[in-house]
Amino acid sequence: MRLKNVPGSREAVANCAFAIDEPGEFKGRWAREVFDNDLPIYIEVGMGKGKFITELARRNPQINYVGIEKYSSVLIRAIEKTQNDPLPNLRFIRMDAEDIEDIFAKGEVAGIYLNFSDPWPKDRHAKRRLPSRRFLERFANILTDEGSIEFKTDNRELFEFALEEAPAAGWKIVCSTFDLHNDPSMNEGNIMTEYEEKFSGQGHPICKYVITR
Ligand code: SAM
């Protein structure tokens with residue numbers, strides 16, 4: 001995706017109380033030390049401007065949420081959304097998800113959302129795709145035994161790749177669809193992301209799977 005530099009965003013993220021500056025310090029102790037409770041933690045990897053996870057956190061106060069985004073120029077938009085109406089169950093991290101195992105301990109995360117992950121269409125970049133087996137291994141190392149991954153995309157090639165990678169990496173596909181918005185059971189309670197609104201508005205069907213181990 002094309003990125004606009006937002007001057008001052010790095011400093012704004014660093015100064016924001018809801019963006020965790022040294023996330024590795026809380027490994028294994030997120031619920032107790034960051035959220036001051038024992039509630040389950042769900043994360044969104046590649047959250048972009050944060051519409052999805054912010055709405056999810058608003059609807060589910062009994063769950064802790066952590067949004068992860070690589071770029072401060074994007075994350076700043078999510079922070080702006082919550083600044084006037086902070087949510088006690090939502091925090092952000094600016095980081096590359098490659099290092100996710102340094103941040104969360106084994107079994108610390110109950111669920112992971114991947115929404116409209118960058119497709120990295122060249123074969124030689126396949127390992128950068130978030131639903132690739134390489135990332136699935138990292139995610140397996142932070143999820144609870146029953147933990148699941150929910151992945152949405154408008155990119156059919158990326159989705160077909162993801163449907164092959166999951167079983168190859170030892171995951172079970174719980175459910176999947178090539179047309180989420182016309183699948184009443186999978187679409188129930190669906191929260192649209194920024195990209196989902198844009199692409200479905202252009203007539204692209206949205207694909208989704210849920211996987212577990
Ligand atoms: N999830 C949002 C949505 O659906 O509207 C944003 C989708 S955008 C195409 C993908 C986002 O994932 C970008 O903001 C990008 O910076 C972020 N991203 C890609 N790879 C990442 C990684 N390895 N770690 C953290 N964030 C990543």
# chains A, B, ... in the order shown; residues from 1 in each chain; ligands from 1
call {"tool": "residues_near_ligand", "arguments": {"ligand": "ligand 1", "cutoff": "10 Å", "atoms": "only C-alpha atoms and all ligand atoms", "output": "PyMOL selection string"}}
result
chain A and resi 1-3+44-53+67-75+93-100+113-120+128-130+135+151-154+192-199
call {"tool": "select_by_dssp", "arguments": {"residues": "stretch 67-201 of chain A", "states": "strand (DSSP E)", "output": "mmCIF file with C-alpha atoms, in the first residue's frame"}}
result
data_model
loop_
_atom_site.group_PDB
_atom_site.id
_atom_site.type_symbol
_atom_site.label_atom_id
_atom_site.label_comp_id
_atom_site.auth_asym_id
_atom_site.auth_seq_id
_atom_site.Cartn_x
_atom_site.Cartn_y
_atom_site.Cartn_z
ATOM 1 C CA GLY A 67 -3.856 -3.554 17.633
ATOM 2 C CA ILE A 68 -0.516 -3.996 15.866
ATOM 3 C CA GLU A 69 0.622 -1.791 12.992
ATOM 4 C CA LEU A 90 -7.725 -1.287 23.790
ATOM 5 C CA ARG A 91 -3.991 -0.722 23.320
ATOM 6 C CA PHE A 92 -1.751 -0.313 20.264
ATOM 7 C CA ILE A 93 1.751 -1.383 19.345
ATOM 8 C CA ARG A 94 3.843 0.006 16.491
ATOM 9 C CA VAL A 109 -3.390 -14.614 23.022
ATOM 10 C CA ALA A 110 -6.902 -16.042 22.539
ATOM 11 C CA GLY A 111 -7.413 -14.941 18.944
ATOM 12 C CA ILE A 112 -5.816 -13.142 16.015
ATOM 13 C CA TYR A 113 -7.468 -11.052 13.297
ATOM 14 C CA LEU A 114 -5.780 -10.512 9.936
ATOM 15 C CA ASN A 115 -7.709 -8.066 7.779
ATOM 16 C CA LEU A 143 -2.038 -18.510 20.818
ATOM 17 C CA THR A 144 -3.889 -20.593 23.408
ATOM 18 C CA ASP A 145 -4.503 -24.230 22.356
ATOM 19 C CA GLU A 146 -8.073 -23.367 21.255
ATOM 20 C CA GLY A 147 -6.970 -20.026 19.756
ATOM 21 C CA SER A 148 -8.175 -19.101 16.279
ATOM 22 C CA ILE A 149 -7.176 -16.854 13.408
ATOM 23 C CA GLU A 150 -9.791 -14.971 11.395
ATOM 24 C CA PHE A 151 -8.592 -13.694 8.018
ATOM 25 C CA LYS A 152 -10.474 -11.457 5.566
ATOM 26 C CA THR A 153 -9.361 -10.223 2.164
ATOM 27 C CA LYS A 172 -7.784 -26.853 10.523
ATOM 28 C CA ILE A 173 -10.119 -24.685 8.486
ATOM 29 C CA VAL A 174 -13.201 -24.202 10.678
ATOM 30 C CA CYS A 175 -15.158 -22.311 8.014
ATOM 31 C CA SER A 176 -14.464 -20.304 4.884
ATOM 32 C CA THR A 177 -16.276 -18.336 2.220
#
call {"tool": "closest_residue", "arguments": {"among": "A:Ile142, A:Phe161, A:Thr54, A:Pro40", "to": "A:Lys27", "atoms": "only C-alpha atoms"}}
result
A:Ile142
call {"tool": "closest_residue", "arguments": {"among": "A:Phe35, A:Asn84, A:Tyr65, A:Gly201", "to": "A:His181", "atoms": "only C-alpha atoms"}}
result
A:Gly201
call {"tool": "select_by_dssp", "arguments": {"residues": "stretch 62-183 of chain A", "states": "alpha helix (DSSP H)", "output": "MDAnalysis selection string"}}
result
chainID A and resid 72:83 133:140 156:168
call {"tool": "residues_around", "arguments": {"residues": "A:Pro167", "least_positions_apart": "6", "cutoff": "10 Å", "atoms": "only C-alpha atoms", "output": "list in words"}}
result
Arg133, Ile173, Ile211, Thr212 and Arg213 of chain A
call {"tool": "residues_around", "arguments": {"residues": "A:Arg156", "least_positions_apart": "2", "cutoff": "9 Å", "atoms": "only C-alpha atoms", "output": "PyMOL selection string"}}
result
chain A and resi 153-154+158-161+178+205-207
call {"tool": "closest_residue", "arguments": {"among": "A:Arg29, A:Arg138, A:Arg124, A:Arg58", "to": "A:Pro86", "atoms": "only C-alpha atoms"}}
result
A:Arg58
call {"tool": "atom_distance", "arguments": {"atom1": "atom CA of A:Leu180", "atom2": "atom CA of A:Ala162"}}
result
15.8 Å
call {"tool": "closest_residue", "arguments": {"among": "A:Pro7, A:Ile63, A:Ala140, A:His125", "to": "A:Asp38", "atoms": "only C-alpha atoms"}}
result
A:Ile63
call {"tool": "decode", "arguments": {"residues": "stretch 47-60 of chain A", "atoms": "all heavy atoms", "output": "PDB file, in the first residue's frame"}}
result
ATOM      1  N   MET A  47      -3.376  -3.594  11.575  1.00  0.00           N
ATOM      2  CA  MET A  47      -4.705  -2.992  11.837  1.00  0.00           C
ATOM      3  C   MET A  47      -4.993  -1.742  11.022  1.00  0.00           C
ATOM      4  O   MET A  47      -6.129  -1.276  10.992  1.00  0.00           O
ATOM      5  CB  MET A  47      -4.812  -2.630  13.310  1.00  0.00           C
ATOM      6  CG  MET A  47      -3.687  -1.697  13.717  1.00  0.00           C
ATOM      7  SD  MET A  47      -3.827  -1.112  15.376  1.00  0.00           S
ATOM      8  CE  MET A  47      -4.543   0.467  15.065  1.00  0.00           C
ATOM      9  N   GLY A  48      -3.951  -1.174  10.377  1.00  0.00           N
ATOM     10  CA  GLY A  48      -4.192   0.039   9.596  1.00  0.00           C
ATOM     11  C   GLY A  48      -4.693   1.166  10.489  1.00  0.00           C
ATOM     12  O   GLY A  48      -4.181   1.396  11.579  1.00  0.00           O
ATOM     13  N   LYS A  49      -5.763   1.821  10.052  1.00  0.00           N
ATOM     14  CA  LYS A  49      -6.267   2.998  10.784  1.00  0.00           C
ATOM     15  C   LYS A  49      -7.196   2.634  11.942  1.00  0.00           C
ATOM     16  O   LYS A  49      -7.755   3.510  12.598  1.00  0.00           O
ATOM     17  CB  LYS A  49      -6.962   3.949   9.817  1.00  0.00           C
ATOM     18  CG  LYS A  49      -6.006   4.500   8.776  1.00  0.00           C
ATOM     19  CD  LYS A  49      -6.708   5.397   7.786  1.00  0.00           C
ATOM     20  CE  LYS A  49      -5.758   5.806   6.676  1.00  0.00           C
ATOM     21  NZ  LYS A  49      -6.450   6.438   5.552  1.00  0.00           N
ATOM     22  N   GLY A  50      -7.414   1.331  12.159  1.00  0.00           N
ATOM     23  CA  GLY A  50      -7.998   0.879  13.420  1.00  0.00           C
ATOM     24  C   GLY A  50      -9.510   0.862  13.556  1.00  0.00           C
ATOM     25  O   GLY A  50     -10.022   0.618  14.642  1.00  0.00           O
ATOM     26  N   LYS A  51     -10.247   1.052  12.457  1.00  0.00           N
ATOM     27  CA  LYS A  51     -11.709   1.086  12.582  1.00  0.00           C
ATOM     28  C   LYS A  51     -12.250  -0.224  13.177  1.00  0.00           C
ATOM     29  O   LYS A  51     -13.084  -0.218  14.073  1.00  0.00           O
ATOM     30  CB  LYS A  51     -12.320   1.331  11.195  1.00  0.00           C
ATOM     31  CG  LYS A  51     -13.824   1.287  11.152  1.00  0.00           C
ATOM     32  CD  LYS A  51     -14.317   1.571   9.735  1.00  0.00           C
ATOM     33  CE  LYS A  51     -15.820   1.515   9.644  1.00  0.00           C
ATOM     34  NZ  LYS A  51     -16.361   0.150   9.725  1.00  0.00           N
ATOM     35  N   PHE A  52     -11.744  -1.347  12.658  1.00  0.00           N
ATOM     36  CA  PHE A  52     -12.242  -2.667  13.054  1.00  0.00           C
ATOM     37  C   PHE A  52     -12.008  -2.928  14.537  1.00  0.00           C
ATOM     38  O   PHE A  52     -12.938  -3.210  15.285  1.00  0.00           O
ATOM     39  CB  PHE A  52     -11.534  -3.724  12.186  1.00  0.00           C
ATOM     40  CG  PHE A  52     -11.815  -5.144  12.563  1.00  0.00           C
ATOM     41  CD1 PHE A  52     -12.940  -5.798  12.081  1.00  0.00           C
ATOM     42  CD2 PHE A  52     -10.948  -5.842  13.395  1.00  0.00           C
ATOM     43  CE1 PHE A  52     -13.195  -7.120  12.422  1.00  0.00           C
ATOM     44  CE2 PHE A  52     -11.195  -7.165  13.741  1.00  0.00           C
ATOM     45  CZ  PHE A  52     -12.314  -7.798  13.255  1.00  0.00           C
ATOM     46  N   ILE A  53     -10.763  -2.797  14.979  1.00  0.00           N
ATOM     47  CA  ILE A  53     -10.445  -3.185  16.360  1.00  0.00           C
ATOM     48  C   ILE A  53     -11.049  -2.188  17.357  1.00  0.00           C
ATOM     49  O   ILE A  53     -11.437  -2.558  18.466  1.00  0.00           O
ATOM     50  CB  ILE A  53      -8.919  -3.376  16.569  1.00  0.00           C
ATOM     51  CG1 ILE A  53      -8.688  -4.183  17.848  1.00  0.00           C
ATOM     52  CG2 ILE A  53      -8.148  -2.080  16.551  1.00  0.00           C
ATOM     53  CD1 ILE A  53      -7.318  -4.791  17.963  1.00  0.00           C
ATOM     54  N   THR A  54     -11.178  -0.945  16.957  1.00  0.00           N
ATOM     55  CA  THR A  54     -11.776   0.052  17.858  1.00  0.00           C
ATOM     56  C   THR A  54     -13.251  -0.266  18.076  1.00  0.00           C
ATOM     57  O   THR A  54     -13.751  -0.252  19.202  1.00  0.00           O
ATOM     58  CB  THR A  54     -11.591   1.469  17.271  1.00  0.00           C
ATOM     59  OG1 THR A  54     -10.194   1.680  17.076  1.00  0.00           O
ATOM     60  CG2 THR A  54     -12.132   2.533  18.193  1.00  0.00           C
ATOM     61  N   GLU A  55     -13.944  -0.623  17.010  1.00  0.00           N
ATOM     62  CA  GLU A  55     -15.366  -0.973  17.132  1.00  0.00           C
ATOM     63  C   GLU A  55     -15.544  -2.282  17.914  1.00  0.00           C
ATOM     64  O   GLU A  55     -16.442  -2.408  18.750  1.00  0.00           O
ATOM     65  CB  GLU A  55     -15.995  -1.074  15.728  1.00  0.00           C
ATOM     66  CG  GLU A  55     -17.455  -1.464  15.696  1.00  0.00           C
ATOM     67  CD  GLU A  55     -18.370  -0.547  16.530  1.00  0.00           C
ATOM     68  OE1 GLU A  55     -18.011   0.614  16.761  1.00  0.00           O
ATOM     69  OE2 GLU A  55     -19.441  -1.035  16.967  1.00  0.00           O
ATOM     70  N   LEU A  56     -14.640  -3.235  17.656  1.00  0.00           N
ATOM     71  CA  LEU A  56     -14.683  -4.516  18.374  1.00  0.00           C
ATOM     72  C   LEU A  56     -14.514  -4.283  19.881  1.00  0.00           C
ATOM     73  O   LEU A  56     -15.241  -4.859  20.699  1.00  0.00           O
ATOM     74  CB  LEU A  56     -13.540  -5.387  17.848  1.00  0.00           C
ATOM     75  CG  LEU A  56     -13.641  -6.899  17.866  1.00  0.00           C
ATOM     76  CD1 LEU A  56     -14.917  -7.391  17.220  1.00  0.00           C
ATOM     77  CD2 LEU A  56     -12.431  -7.498  17.157  1.00  0.00           C
ATOM     78  N   ALA A  57     -13.559  -3.426  20.232  1.00  0.00           N
ATOM     79  CA  ALA A  57     -13.293  -3.137  21.649  1.00  0.00           C
ATOM     80  C   ALA A  57     -14.493  -2.422  22.280  1.00  0.00           C
ATOM     81  O   ALA A  57     -14.837  -2.665  23.438  1.00  0.00           O
ATOM     82  CB  ALA A  57     -12.025  -2.301  21.780  1.00  0.00           C
ATOM     83  N   ARG A  58     -15.124  -1.578  21.511  1.00  0.00           N
ATOM     84  CA  ARG A  58     -16.296  -0.856  22.025  1.00  0.00           C
ATOM     85  C   ARG A  58     -17.448  -1.842  22.301  1.00  0.00           C
ATOM     86  O   ARG A  58     -18.134  -1.743  23.301  1.00  0.00           O
ATOM     87  CB  ARG A  58     -16.715   0.181  20.967  1.00  0.00           C
ATOM     88  CG  ARG A  58     -17.521   1.316  21.519  1.00  0.00           C
ATOM     89  CD  ARG A  58     -17.548   2.493  20.569  1.00  0.00           C
ATOM     90  NE  ARG A  58     -16.445   3.400  20.808  1.00  0.00           N
ATOM     91  CZ  ARG A  58     -15.733   4.011  19.871  1.00  0.00           C
ATOM     92  NH1 ARG A  58     -16.012   3.819  18.607  1.00  0.00           N
ATOM     93  NH2 ARG A  58     -14.755   4.813  20.193  1.00  0.00           N
ATOM     94  N   ARG A  59     -17.613  -2.831  21.398  1.00  0.00           N
ATOM     95  CA  ARG A  59     -18.726  -3.779  21.555  1.00  0.00           C
ATOM     96  C   ARG A  59     -18.464  -4.825  22.639  1.00  0.00           C
ATOM     97  O   ARG A  59     -19.399  -5.444  23.132  1.00  0.00           O
ATOM     98  CB  ARG A  59     -18.941  -4.551  20.236  1.00  0.00           C
ATOM     99  CG  ARG A  59     -19.594  -3.726  19.184  1.00  0.00           C
ATOM    100  CD  ARG A  59     -19.955  -4.627  17.997  1.00  0.00           C
ATOM    101  NE  ARG A  59     -20.223  -3.830  16.816  1.00  0.00           N
ATOM    102  CZ  ARG A  59     -20.556  -4.337  15.654  1.00  0.00           C
ATOM    103  NH1 ARG A  59     -20.648  -5.631  15.492  1.00  0.00           N
ATOM    104  NH2 ARG A  59     -20.787  -3.539  14.617  1.00  0.00           N
ATOM    105  N   ASN A  60     -17.186  -5.082  22.938  1.00  0.00           N
ATOM    106  CA  ASN A  60     -16.849  -6.209  23.831  1.00  0.00           C
ATOM    107  C   ASN A  60     -15.955  -5.762  24.990  1.00  0.00           C
ATOM    108  O   ASN A  60     -14.763  -6.084  25.028  1.00  0.00           O
ATOM    109  CB  ASN A  60     -16.119  -7.307  23.040  1.00  0.00           C
ATOM    110  CG  ASN A  60     -16.966  -7.846  21.908  1.00  0.00           C
ATOM    111  OD1 ASN A  60     -18.000  -8.476  22.114  1.00  0.00           O
ATOM    112  ND2 ASN A  60     -16.535  -7.564  20.687  1.00  0.00           N
TER     113      ASN A  60
END
